[in-house]
Amino acid sequence: MRNSTVLTVAAVLLGTSLAAGCGDDGATPGKQGEQPKTGSSDINPKPRESLRKGGTLRLSIQQWITQYNVGQTDGTQGDGASILALTQPALWFLDDNGVPAANPDVLAGAEVSKEGGAQVVTYRLNPKATWSDSTPITWQDFATQWKTRNGTDERFQVASTTGYDAITAVERGADDRTVKVTFKAPYADWRSLFDPLLPGAALDTPEEFNTGWIEKIPVWGGPWKLGTADKTTQTITVVPNEAYWGTKPLLDSVVFRALDAAAITDAYLNNEIDQAPGREADAYRRLAGAADTAIRTGGRWDETQLTVGRNGPLADERVRQAVANAIDRTALAAAQSAGLPFKVNTIGNHFFMPSQDGYRDNSGDTGTFDAARAKQQLDQAGWAASADGKTRTKDGGTLKLVYVVNSRGSTDLPQLVQNMLAQVGIAVELRKVPSNDFFSKYVNIGAFDLTSFRNVDNIFPSLLFPVYRSDGEQNYGKVGAPEIDKLLDQAGAETDRGKAVDLLNQADVLLWKAGHSVPLFQTPQISAVRPGLANFGAFGLRSDRQYVDVGWTR
(Lines give C-alpha, C1' and ligand atoms only; values in the text may rest on other atoms or scores of the structure.)
Protein backbone atom coordinates (compact mmCIF):
# COMPACT_ATOMS: atom_id res chain seq x y z
CA MET A 1 0.00 0.00 0.00
CA ARG A 2 1.23 3.47 -0.71
CA ASN A 3 0.60 7.08 0.06
CA SER A 4 2.00 9.81 -2.17
CA THR A 5 1.38 12.86 0.00
CA VAL A 6 3.76 12.50 2.88
CA LEU A 7 6.78 10.42 3.68
CA THR A 8 5.55 7.06 4.89
CA VAL A 9 7.62 5.03 7.26
CA ALA A 10 7.36 1.48 8.47
CA ALA A 11 8.98 -0.05 11.48
CA VAL A 12 11.75 -2.42 10.45
CA LEU A 13 10.45 -5.95 10.95
CA LEU A 14 13.40 -8.13 10.06
CA GLY A 15 13.43 -11.88 10.38
CA THR A 16 15.96 -14.58 11.10
CA SER A 17 18.01 -14.28 7.93
CA LEU A 18 20.10 -11.48 9.40
CA ALA A 19 20.95 -13.54 12.45
CA ALA A 20 23.03 -15.75 10.22
CA GLY A 21 25.34 -12.85 9.42
CA CYS A 22 27.31 -13.64 6.31
CA GLY A 23 27.42 -17.36 6.93
CA ASP A 24 26.14 -19.99 4.49
CA ASP A 25 22.56 -21.06 5.26
CA GLY A 26 22.15 -23.15 2.17
CA ALA A 27 21.89 -20.41 -0.43
CA THR A 28 24.51 -20.40 -3.15
CA PRO A 29 25.34 -16.78 -4.05
CA GLY A 30 26.37 -17.76 -7.57
CA LYS A 31 22.86 -19.04 -8.25
CA GLN A 32 21.08 -15.94 -7.03
CA GLY A 33 19.62 -13.62 -9.61
CA GLU A 34 19.69 -9.85 -9.52
CA GLN A 35 17.14 -8.01 -7.41
CA PRO A 36 14.15 -6.95 -9.56
CA LYS A 37 14.72 -3.56 -11.12
CA THR A 38 13.07 -0.62 -9.43
CA GLY A 39 9.70 -0.23 -11.11
CA SER A 40 9.11 -3.87 -12.02
CA SER A 41 5.80 -5.29 -10.82
CA ASP A 42 4.00 -8.61 -10.55
CA ILE A 43 0.28 -8.37 -9.73
CA ASN A 44 -1.45 -11.05 -11.87
CA PRO A 45 -3.23 -8.42 -14.01
CA LYS A 46 -6.77 -9.33 -15.05
CA PRO A 47 -9.63 -7.30 -16.58
CA ARG A 48 -12.23 -6.32 -13.99
CA GLU A 49 -15.01 -8.00 -15.95
CA SER A 50 -13.24 -11.36 -15.73
CA LEU A 51 -13.24 -11.33 -11.91
CA ARG A 52 -16.03 -12.28 -9.57
CA LYS A 53 -17.69 -9.59 -7.51
CA GLY A 54 -17.55 -9.90 -3.76
CA GLY A 55 -15.24 -11.60 -1.31
CA THR A 56 -12.85 -10.36 1.36
CA LEU A 57 -9.14 -9.55 1.25
CA ARG A 58 -7.36 -10.16 4.59
CA LEU A 59 -4.10 -8.33 5.20
CA SER A 60 -1.67 -7.73 8.05
CA ILE A 61 -0.48 -4.38 9.38
CA GLN A 62 2.29 -3.59 11.83
CA GLN A 63 0.38 -1.80 14.56
CA TRP A 64 -2.96 -0.44 15.66
CA ILE A 65 -3.63 2.83 13.82
CA THR A 66 -4.02 5.79 16.13
CA GLN A 67 -3.76 8.86 13.86
CA TYR A 68 -5.35 8.78 10.38
CA ASN A 69 -4.66 12.40 9.40
CA VAL A 70 -1.56 12.04 7.21
CA GLY A 71 -0.93 15.76 7.48
CA GLN A 72 -0.49 15.54 11.25
CA THR A 73 2.81 14.74 12.96
CA ASP A 74 1.75 11.27 14.09
CA GLY A 75 0.03 10.38 10.81
CA THR A 76 3.06 9.30 8.79
CA GLN A 77 3.00 5.60 9.74
CA GLY A 78 2.72 3.71 6.47
CA ASP A 79 -0.19 1.39 7.21
CA GLY A 80 -2.37 4.16 8.60
CA ALA A 81 -1.57 6.41 5.65
CA SER A 82 -2.42 3.63 3.21
CA ILE A 83 -5.75 2.79 4.85
CA LEU A 84 -6.61 6.50 4.88
CA ALA A 85 -5.76 6.75 1.16
CA LEU A 86 -8.36 4.08 0.32
CA THR A 87 -11.09 6.25 1.81
CA GLN A 88 -10.21 9.64 0.31
CA PRO A 89 -10.14 11.14 -3.21
CA ALA A 90 -6.95 10.26 -5.10
CA LEU A 91 -5.97 12.84 -7.70
CA TRP A 92 -3.32 10.73 -9.41
CA PHE A 93 -2.40 7.15 -10.16
CA LEU A 94 1.19 6.14 -10.96
CA ASP A 95 2.21 3.87 -13.83
CA ASP A 96 4.96 1.24 -13.76
CA ASN A 97 7.60 3.97 -14.02
CA GLY A 98 6.08 6.04 -11.24
CA VAL A 99 4.72 8.62 -13.70
CA PRO A 100 1.42 10.16 -12.50
CA ALA A 101 -1.77 10.28 -14.57
CA ALA A 102 -5.01 11.93 -13.48
CA ASN A 103 -7.61 9.73 -11.78
CA PRO A 104 -10.71 10.63 -13.83
CA ASP A 105 -13.03 9.71 -10.94
CA VAL A 106 -11.75 12.80 -9.14
CA LEU A 107 -9.71 14.96 -11.49
CA ALA A 108 -11.06 15.96 -14.90
CA GLY A 109 -7.77 17.69 -15.68
CA ALA A 110 -4.95 19.90 -14.43
CA GLU A 111 -3.04 22.51 -16.40
CA VAL A 112 0.12 24.47 -15.61
CA SER A 113 0.46 28.07 -16.73
CA LYS A 114 2.41 31.20 -15.84
CA GLU A 115 1.09 34.49 -14.56
CA GLY A 116 3.91 36.96 -14.33
CA GLY A 117 6.78 34.99 -12.83
CA ALA A 118 4.51 32.67 -10.86
CA GLN A 119 3.53 29.10 -11.63
CA VAL A 120 -0.22 28.50 -11.63
CA VAL A 121 -1.87 25.08 -11.58
CA THR A 122 -5.56 24.94 -12.44
CA TYR A 123 -7.36 21.80 -11.28
CA ARG A 124 -10.73 20.81 -12.74
CA LEU A 125 -12.67 18.44 -10.48
CA ASN A 126 -15.18 15.81 -11.51
CA PRO A 127 -18.59 17.47 -10.99
CA LYS A 128 -19.88 14.26 -9.35
CA ALA A 129 -17.22 14.27 -6.60
CA THR A 130 -18.94 14.37 -3.21
CA TRP A 131 -18.00 13.85 0.44
CA SER A 132 -19.82 11.36 2.67
CA ASP A 133 -21.64 14.22 4.42
CA SER A 134 -23.26 14.99 1.02
CA THR A 135 -21.30 18.20 0.46
CA PRO A 136 -19.54 18.64 -2.89
CA ILE A 137 -15.77 18.40 -3.18
CA THR A 138 -14.65 21.90 -4.16
CA TRP A 139 -11.80 24.38 -4.28
CA GLN A 140 -12.39 25.10 -0.59
CA ASP A 141 -11.07 21.66 0.37
CA PHE A 142 -7.82 22.51 -1.45
CA ALA A 143 -7.68 25.87 0.31
CA THR A 144 -8.12 24.31 3.75
CA GLN A 145 -5.47 21.67 3.11
CA TRP A 146 -3.05 24.43 2.12
CA LYS A 147 -3.84 26.68 5.08
CA THR A 148 -3.53 23.90 7.63
CA ARG A 149 -0.26 22.52 6.25
CA ASN A 150 1.73 25.55 5.14
CA GLY A 151 3.26 26.18 8.56
CA THR A 152 1.91 29.68 9.11
CA ASP A 153 -0.26 28.60 12.06
CA GLU A 154 1.79 26.67 14.61
CA ARG A 155 -1.33 25.35 16.31
CA PHE A 156 -1.60 22.82 13.49
CA GLN A 157 0.88 20.04 14.28
CA VAL A 158 1.95 19.32 10.72
CA ALA A 159 4.03 16.39 9.53
CA SER A 160 5.41 18.41 6.63
CA THR A 161 5.00 21.86 5.10
CA THR A 162 6.98 20.97 1.97
CA GLY A 163 5.25 22.20 -1.16
CA TYR A 164 2.40 23.83 0.73
CA ASP A 165 4.81 26.50 1.95
CA ALA A 166 5.64 27.25 -1.70
CA ILE A 167 2.03 28.28 -2.46
CA THR A 168 0.92 31.90 -2.24
CA ALA A 169 -2.79 31.44 -2.93
CA VAL A 170 -5.51 28.84 -3.45
CA GLU A 171 -8.57 30.39 -5.08
CA ARG A 172 -11.87 29.59 -6.71
CA GLY A 173 -11.58 29.28 -10.46
CA ALA A 174 -14.36 29.59 -13.00
CA ASP A 175 -16.67 27.70 -10.62
CA ASP A 176 -16.57 25.85 -7.30
CA ARG A 177 -15.18 22.75 -9.02
CA THR A 178 -12.23 24.63 -10.45
CA VAL A 179 -9.19 25.34 -8.28
CA LYS A 180 -6.47 27.89 -9.00
CA VAL A 181 -3.24 27.27 -7.08
CA THR A 182 -0.49 29.89 -7.36
CA PHE A 183 3.12 29.14 -6.39
CA LYS A 184 5.84 31.62 -5.44
CA ALA A 185 8.15 30.07 -8.02
CA PRO A 186 8.19 26.99 -10.24
CA TYR A 187 7.52 23.87 -8.19
CA ALA A 188 8.41 20.63 -9.94
CA ASP A 189 6.58 18.14 -7.70
CA TRP A 190 3.23 19.93 -7.61
CA ARG A 191 1.49 16.60 -8.30
CA SER A 192 2.61 15.36 -4.89
CA LEU A 193 0.32 17.89 -3.19
CA PHE A 194 -3.36 17.53 -2.24
CA ASP A 195 -3.14 13.77 -2.78
CA PRO A 196 -5.09 12.28 -1.19
CA LEU A 197 -7.40 15.23 -0.81
CA LEU A 198 -8.93 15.49 2.66
CA PRO A 199 -12.28 17.09 3.60
CA GLY A 200 -11.64 20.67 4.64
CA ALA A 201 -14.62 20.81 6.97
CA ALA A 202 -13.15 17.97 9.06
CA LEU A 203 -9.74 19.54 9.71
CA ASP A 204 -10.06 23.30 9.49
CA THR A 205 -9.50 23.92 13.21
CA PRO A 206 -6.43 22.89 15.21
CA GLU A 207 -8.59 20.60 17.34
CA GLU A 208 -10.05 18.79 14.35
CA PHE A 209 -6.68 18.63 12.59
CA ASN A 210 -4.72 17.32 15.59
CA THR A 211 -7.23 15.10 17.35
CA GLY A 212 -10.31 14.74 15.13
CA TRP A 213 -8.82 11.82 13.21
CA ILE A 214 -7.57 9.79 16.17
CA GLU A 215 -8.75 6.20 15.70
CA LYS A 216 -11.43 7.34 13.24
CA ILE A 217 -11.98 8.69 9.74
CA PRO A 218 -14.78 11.26 10.21
CA VAL A 219 -15.52 11.96 6.53
CA TRP A 220 -14.64 10.02 3.40
CA GLY A 221 -14.75 10.63 -0.34
CA GLY A 222 -12.98 7.63 -1.84
CA PRO A 223 -14.16 4.21 -3.01
CA TRP A 224 -13.95 2.80 0.54
CA LYS A 225 -15.08 3.83 3.99
CA LEU A 226 -14.12 2.71 7.46
CA GLY A 227 -16.47 -0.08 8.51
CA THR A 228 -15.40 -1.41 11.90
CA ALA A 229 -12.34 -0.93 14.10
CA ASP A 230 -11.96 -3.46 16.92
CA LYS A 231 -9.12 -2.53 19.23
CA THR A 232 -9.50 -5.76 21.20
CA THR A 233 -8.88 -7.97 18.18
CA GLN A 234 -6.63 -5.33 16.56
CA THR A 235 -8.62 -5.48 13.31
CA ILE A 236 -9.73 -2.66 11.03
CA THR A 237 -12.22 -3.27 8.22
CA VAL A 238 -12.95 -1.06 5.23
CA VAL A 239 -16.04 -1.60 3.09
CA PRO A 240 -17.18 -0.03 -0.19
CA ASN A 241 -18.47 3.52 -0.05
CA GLU A 242 -21.97 2.99 -1.44
CA ALA A 243 -22.19 6.67 -2.41
CA TYR A 244 -18.97 6.67 -4.44
CA TRP A 245 -19.63 8.01 -7.92
CA GLY A 246 -16.61 6.45 -9.65
CA THR A 247 -15.17 2.99 -10.18
CA LYS A 248 -16.45 0.85 -7.31
CA PRO A 249 -14.48 -1.90 -5.58
CA LEU A 250 -15.05 -5.50 -6.61
CA LEU A 251 -14.42 -6.77 -3.08
CA ASP A 252 -16.96 -6.68 -0.25
CA SER A 253 -14.33 -5.75 2.33
CA VAL A 254 -10.66 -5.52 3.21
CA VAL A 255 -9.71 -6.56 6.74
CA PHE A 256 -6.45 -5.34 8.28
CA ARG A 257 -5.09 -7.14 11.34
CA ALA A 258 -2.20 -5.91 13.47
CA LEU A 259 0.31 -8.72 13.91
CA ASP A 260 3.81 -9.16 15.28
CA ALA A 261 6.39 -9.83 12.56
CA ALA A 262 6.92 -13.39 13.79
CA ALA A 263 3.20 -14.14 13.55
CA ILE A 264 2.56 -13.02 9.97
CA THR A 265 3.94 -16.10 8.22
CA ASP A 266 2.05 -18.45 10.53
CA ALA A 267 -1.14 -16.45 10.04
CA TYR A 268 -0.79 -16.82 6.28
CA LEU A 269 -0.03 -20.56 6.45
CA ASN A 270 -3.05 -20.99 8.74
CA ASN A 271 -5.22 -19.26 6.12
CA GLU A 272 -5.95 -16.31 8.39
CA ILE A 273 -4.60 -13.70 5.93
CA ASP A 274 -4.17 -13.65 2.14
CA GLN A 275 -0.77 -12.00 1.79
CA ALA A 276 2.53 -12.25 3.64
CA PRO A 277 5.94 -10.70 2.95
CA GLY A 278 8.68 -13.14 2.01
CA ARG A 279 11.58 -10.72 2.18
CA GLU A 280 13.26 -12.68 5.00
CA ALA A 281 14.94 -16.02 4.39
CA ASP A 282 12.97 -18.07 6.92
CA ALA A 283 9.65 -16.58 5.81
CA TYR A 284 10.53 -17.07 2.13
CA ARG A 285 11.52 -20.70 2.69
CA ARG A 286 8.24 -21.49 4.42
CA LEU A 287 6.06 -19.50 2.05
CA ALA A 288 7.64 -20.47 -1.27
CA GLY A 289 6.76 -24.12 -0.75
CA ALA A 290 3.31 -23.56 0.71
CA ALA A 291 0.15 -24.83 -0.89
CA ASP A 292 -2.26 -22.40 -2.52
CA THR A 293 0.48 -19.76 -2.80
CA ALA A 294 1.99 -17.60 -5.53
CA ILE A 295 5.23 -15.66 -4.97
CA ARG A 296 5.20 -12.25 -6.64
CA THR A 297 8.26 -10.01 -6.75
CA GLY A 298 8.87 -6.43 -7.76
CA GLY A 299 11.05 -3.37 -7.33
CA ARG A 300 9.52 -0.86 -4.94
CA TRP A 301 10.93 2.42 -3.60
CA ASP A 302 11.73 0.78 -0.26
CA GLU A 303 14.74 1.74 1.81
CA THR A 304 15.85 0.28 5.12
CA GLN A 305 17.77 3.06 6.83
CA LEU A 306 19.70 3.63 10.04
CA THR A 307 18.71 7.04 11.35
CA VAL A 308 21.29 8.87 13.46
CA GLY A 309 20.54 11.47 16.12
CA ARG A 310 22.71 14.35 17.24
CA ASN A 311 22.37 14.20 20.99
CA GLY A 312 25.35 13.74 23.30
CA PRO A 313 28.40 12.26 21.51
CA LEU A 314 26.55 12.36 18.16
CA ALA A 315 26.53 16.16 18.21
CA ASP A 316 30.06 15.81 16.81
CA GLU A 317 29.95 15.15 13.06
CA ARG A 318 33.08 13.01 13.36
CA VAL A 319 31.27 10.57 15.65
CA ARG A 320 28.36 10.33 13.21
CA GLN A 321 30.79 9.69 10.38
CA ALA A 322 32.52 7.03 12.50
CA VAL A 323 29.17 5.26 12.89
CA ALA A 324 28.75 5.15 9.11
CA ASN A 325 32.31 3.93 8.53
CA ALA A 326 31.96 1.20 11.15
CA ILE A 327 28.93 -0.35 9.44
CA ASP A 328 29.57 -2.91 6.73
CA ARG A 329 26.56 -2.27 4.50
CA THR A 330 27.66 -4.92 2.02
CA ALA A 331 27.67 -7.54 4.78
CA LEU A 332 24.21 -6.46 5.94
CA ALA A 333 22.85 -6.74 2.40
CA ALA A 334 24.52 -10.14 1.97
CA ALA A 335 22.97 -11.31 5.23
CA GLN A 336 19.59 -10.04 4.08
CA SER A 337 20.10 -11.87 0.75
CA ALA A 338 20.97 -15.24 2.26
CA GLY A 339 18.24 -17.72 1.45
CA LEU A 340 16.43 -15.40 -0.97
CA PRO A 341 16.17 -15.94 -4.74
CA PHE A 342 18.16 -12.81 -5.50
CA LYS A 343 20.84 -10.54 -4.07
CA VAL A 344 19.70 -7.50 -2.14
CA ASN A 345 21.00 -4.12 -3.29
CA THR A 346 22.92 -1.83 -1.00
CA ILE A 347 21.89 1.81 -1.39
CA GLY A 348 24.33 4.66 -1.93
CA ASN A 349 21.75 7.43 -2.27
CA HIS A 350 19.17 9.09 -0.02
CA PHE A 351 16.79 10.04 -2.87
CA PHE A 352 16.86 7.31 -5.51
CA MET A 353 16.81 3.52 -5.57
CA PRO A 354 19.34 1.44 -7.54
CA SER A 355 18.34 1.14 -11.22
CA GLN A 356 16.03 4.14 -10.83
CA ASP A 357 16.58 7.07 -13.17
CA GLY A 358 18.78 9.57 -11.30
CA TYR A 359 20.55 7.07 -9.04
CA ARG A 360 24.23 7.62 -8.26
CA ASP A 361 26.21 6.03 -5.47
CA ASN A 362 27.35 9.08 -3.50
CA SER A 363 28.38 7.25 -0.33
CA GLY A 364 32.09 7.90 -0.98
CA ASP A 365 34.57 7.58 1.87
CA THR A 366 31.93 8.30 4.51
CA GLY A 367 29.69 5.43 3.48
CA THR A 368 32.48 2.91 2.89
CA PHE A 369 33.13 0.29 5.54
CA ASP A 370 36.47 1.32 7.02
CA ALA A 371 37.02 0.44 10.68
CA ALA A 372 40.42 2.11 10.74
CA ARG A 373 38.93 5.39 9.51
CA ALA A 374 36.12 5.10 12.06
CA LYS A 375 38.63 4.70 14.87
CA GLN A 376 40.60 7.67 13.59
CA GLN A 377 37.45 9.81 13.54
CA LEU A 378 36.72 8.87 17.15
CA ASP A 379 40.31 9.60 18.17
CA GLN A 380 40.07 13.04 16.56
CA ALA A 381 36.79 13.66 18.39
CA GLY A 382 38.59 13.03 21.68
CA TRP A 383 37.14 9.60 22.46
CA ALA A 384 40.16 7.64 23.71
CA ALA A 385 40.17 3.86 23.32
CA SER A 386 40.72 1.57 26.29
CA ALA A 387 43.66 -0.82 26.29
CA ASP A 388 41.55 -3.64 24.87
CA GLY A 389 39.79 -1.31 22.40
CA LYS A 390 36.34 -2.34 23.62
CA THR A 391 35.32 1.01 25.12
CA ARG A 392 36.06 4.67 24.60
CA THR A 393 35.98 7.48 27.14
CA LYS A 394 36.09 11.27 27.15
CA ASP A 395 35.98 13.65 30.10
CA GLY A 396 35.11 10.78 32.38
CA GLY A 397 32.17 9.55 30.25
CA THR A 398 31.86 6.36 28.23
CA LEU A 399 30.86 6.40 24.57
CA LYS A 400 27.50 4.65 24.56
CA LEU A 401 24.54 5.03 22.21
CA VAL A 402 20.91 3.96 22.63
CA TYR A 403 19.40 2.09 19.67
CA VAL A 404 15.58 2.22 19.89
CA VAL A 405 13.95 -0.94 18.50
CA ASN A 406 10.31 -1.72 17.72
CA SER A 407 9.21 -4.52 20.04
CA ARG A 408 7.19 -6.18 17.25
CA GLY A 409 10.26 -6.54 15.08
CA SER A 410 13.34 -8.70 15.21
CA THR A 411 16.54 -7.46 16.85
CA ASP A 412 18.67 -9.17 14.19
CA LEU A 413 19.62 -6.02 12.28
CA PRO A 414 20.15 -3.94 15.45
CA GLN A 415 22.33 -6.70 16.90
CA LEU A 416 24.51 -6.83 13.79
CA VAL A 417 24.90 -3.04 13.86
CA GLN A 418 25.62 -3.24 17.60
CA ASN A 419 28.38 -5.78 16.97
CA MET A 420 29.91 -3.74 14.16
CA LEU A 421 30.02 -0.55 16.24
CA ALA A 422 31.55 -2.47 19.15
CA GLN A 423 34.54 -3.28 16.95
CA VAL A 424 35.53 0.41 16.95
CA GLY A 425 34.72 1.00 20.63
CA ILE A 426 31.17 2.34 20.38
CA ALA A 427 28.93 0.64 22.95
CA VAL A 428 25.28 0.29 21.92
CA GLU A 429 22.30 -0.42 24.16
CA LEU A 430 19.35 -2.00 22.36
CA ARG A 431 16.16 -0.62 23.88
CA LYS A 432 12.95 -2.34 22.81
CA VAL A 433 9.85 -0.14 23.03
CA PRO A 434 6.14 -0.94 22.49
CA SER A 435 5.19 -1.06 18.82
CA ASN A 436 2.33 1.40 19.18
CA ASP A 437 4.70 3.88 20.86
CA PHE A 438 7.69 3.40 18.54
CA PHE A 439 6.99 6.37 16.29
CA SER A 440 4.83 8.68 18.38
CA LYS A 441 6.83 8.50 21.63
CA TYR A 442 10.32 7.86 20.31
CA VAL A 443 11.09 8.35 16.61
CA ASN A 444 8.87 11.38 15.97
CA ILE A 445 10.31 13.32 18.92
CA GLY A 446 13.94 12.31 18.44
CA ALA A 447 14.17 10.19 21.61
CA PHE A 448 16.95 7.95 20.30
CA ASP A 449 20.59 7.91 19.29
CA LEU A 450 20.08 5.28 16.61
CA THR A 451 16.97 3.68 15.17
CA SER A 452 15.99 1.88 11.99
CA PHE A 453 12.86 1.69 9.89
CA ARG A 454 11.80 1.53 6.28
CA ASN A 455 11.04 4.57 4.14
CA VAL A 456 8.63 3.54 1.40
CA ASP A 457 7.15 4.87 -1.84
CA ASN A 458 8.92 8.23 -1.91
CA ILE A 459 8.73 8.44 -5.68
CA PHE A 460 8.44 12.24 -5.61
CA PRO A 461 11.85 13.42 -4.27
CA SER A 462 10.27 16.41 -2.54
CA LEU A 463 8.52 14.02 -0.13
CA LEU A 464 11.94 13.53 1.42
CA PHE A 465 12.71 17.22 1.87
CA PRO A 466 11.22 17.38 5.40
CA VAL A 467 13.51 14.47 6.30
CA TYR A 468 16.70 16.18 5.18
CA ARG A 469 16.13 19.88 5.81
CA SER A 470 17.78 21.27 8.95
CA ASP A 471 14.37 22.26 10.34
CA GLY A 472 12.39 19.53 8.59
CA GLU A 473 9.42 18.19 10.49
CA GLN A 474 10.51 14.61 9.76
CA ASN A 475 14.22 15.18 10.34
CA TYR A 476 13.94 13.12 13.49
CA GLY A 477 17.68 13.12 14.24
CA LYS A 478 17.94 16.91 13.62
CA VAL A 479 21.08 16.50 11.49
CA GLY A 480 21.39 18.96 8.62
CA ALA A 481 23.26 21.87 7.09
CA PRO A 482 22.38 25.20 5.38
CA GLU A 483 24.14 24.02 2.21
CA ILE A 484 21.83 21.01 2.02
CA ASP A 485 18.76 23.20 2.56
CA LYS A 486 19.81 25.50 -0.27
CA LEU A 487 20.29 22.63 -2.71
CA LEU A 488 16.89 21.16 -1.80
CA ASP A 489 15.25 24.54 -2.36
CA GLN A 490 16.90 24.79 -5.77
CA ALA A 491 15.92 21.22 -6.70
CA GLY A 492 12.32 21.82 -5.67
CA ALA A 493 12.07 24.84 -7.96
CA GLU A 494 13.83 23.19 -10.92
CA THR A 495 11.41 21.95 -13.59
CA ASP A 496 14.20 20.54 -15.76
CA ARG A 497 14.45 16.98 -14.41
CA GLY A 498 18.08 16.53 -15.39
CA LYS A 499 19.11 19.66 -13.50
CA ALA A 500 16.93 18.73 -10.52
CA VAL A 501 18.53 15.27 -10.35
CA ASP A 502 21.99 16.84 -10.37
CA LEU A 503 21.05 19.17 -7.50
CA LEU A 504 19.62 16.28 -5.49
CA ASN A 505 22.80 14.29 -5.98
CA GLN A 506 24.85 17.25 -4.81
CA ALA A 507 22.67 17.38 -1.68
CA ASP A 508 23.11 13.64 -1.25
CA VAL A 509 26.89 13.95 -1.15
CA LEU A 510 26.55 16.45 1.70
CA LEU A 511 24.05 14.24 3.55
CA TRP A 512 26.57 11.42 3.60
CA LYS A 513 29.29 13.75 4.88
CA ALA A 514 26.99 15.19 7.56
CA GLY A 515 26.22 11.71 8.90
CA HIS A 516 22.49 12.32 8.67
CA SER A 517 21.61 8.65 8.23
CA VAL A 518 22.96 5.46 6.70
CA PRO A 519 20.88 3.98 3.86
CA LEU A 520 21.45 0.24 4.22
CA PHE A 521 19.69 -1.69 1.49
CA GLN A 522 16.69 -1.68 -0.81
CA THR A 523 14.20 -3.84 1.00
CA PRO A 524 13.17 -6.61 -1.41
CA GLN A 525 9.56 -6.83 -2.52
CA ILE A 526 8.61 -10.49 -2.23
CA SER A 527 4.96 -11.18 -1.60
CA ALA A 528 3.23 -14.49 -1.01
CA VAL A 529 -0.41 -14.24 -2.08
CA ARG A 530 -3.26 -16.57 -2.88
CA PRO A 531 -2.95 -17.48 -6.59
CA GLY A 532 -6.61 -16.64 -7.19
CA LEU A 533 -6.03 -13.02 -6.22
CA ALA A 534 -5.80 -10.70 -9.23
CA ASN A 535 -4.43 -7.18 -9.65
CA PHE A 536 -2.56 -7.51 -6.39
CA GLY A 537 0.91 -8.45 -5.20
CA ALA A 538 4.18 -6.66 -5.87
CA PHE A 539 3.20 -3.22 -7.19
CA GLY A 540 6.70 -1.79 -7.73
CA LEU A 541 6.35 1.93 -8.41
CA ARG A 542 2.81 1.73 -9.72
CA SER A 543 -0.29 2.70 -7.75
CA ASP A 544 -2.55 0.07 -6.28
CA ARG A 545 -5.50 2.14 -7.64
CA GLN A 546 -7.08 2.09 -4.19
CA TYR A 547 -7.77 -1.65 -4.54
CA VAL A 548 -10.84 -1.04 -6.73
CA ASP A 549 -9.55 -3.53 -9.32
CA VAL A 550 -8.41 -6.15 -6.82
CA GLY A 551 -10.56 -9.27 -6.90
CA TRP A 552 -10.76 -13.04 -6.97
CA THR A 553 -10.73 -15.04 -10.18
CA ARG A 554 -13.87 -17.00 -11.02
# chains A, B, ... in the order shown; residues from 1 in each chain; ligands from 1
>>> residues_around(residues="Gln506 of chain A", least_positions_apart="2", cutoff="12 Å", atoms="only C-alpha atoms", output="count of residues only")
29
>>> select_by_dssp(residues="segment 32-171 of chain A", states="helix (DSSP H, G or I)", output="list in words")
Arg48, Glu49, Ser50, Thr73, Asp74, Gly75, Gly78, Asp79, Gly80, Ala81, Ser82, Ile83, Leu84, Ala85, Leu86, Trp139, Gln140, Asp141, Phe142, Ala143, Thr144, Gln145, Trp146, Lys147, Thr148, Arg149, Tyr164, Asp165 and Ala166 of chain A
>>> residues_around(residues="Gln32 of chain A", least_positions_apart="4", cutoff="10 Å", atoms="only C-alpha atoms", output="list in words")
Ala27, Thr28, Ser337, Ala338, Gly339, Leu340, Pro341, Phe342, Lys343 and Val344 of chain A
>>> atom_distance(atom1="atom CA of Ala276 of chain A", atom2="atom CA of Ile65 of chain A")
19.2 Å
>>> closest_residue(among="A:Thr152, A:Asn270, A:Thr232, A:Ser452", to="Trp64 of chain A", atoms="only C-alpha atoms")
A:Thr232
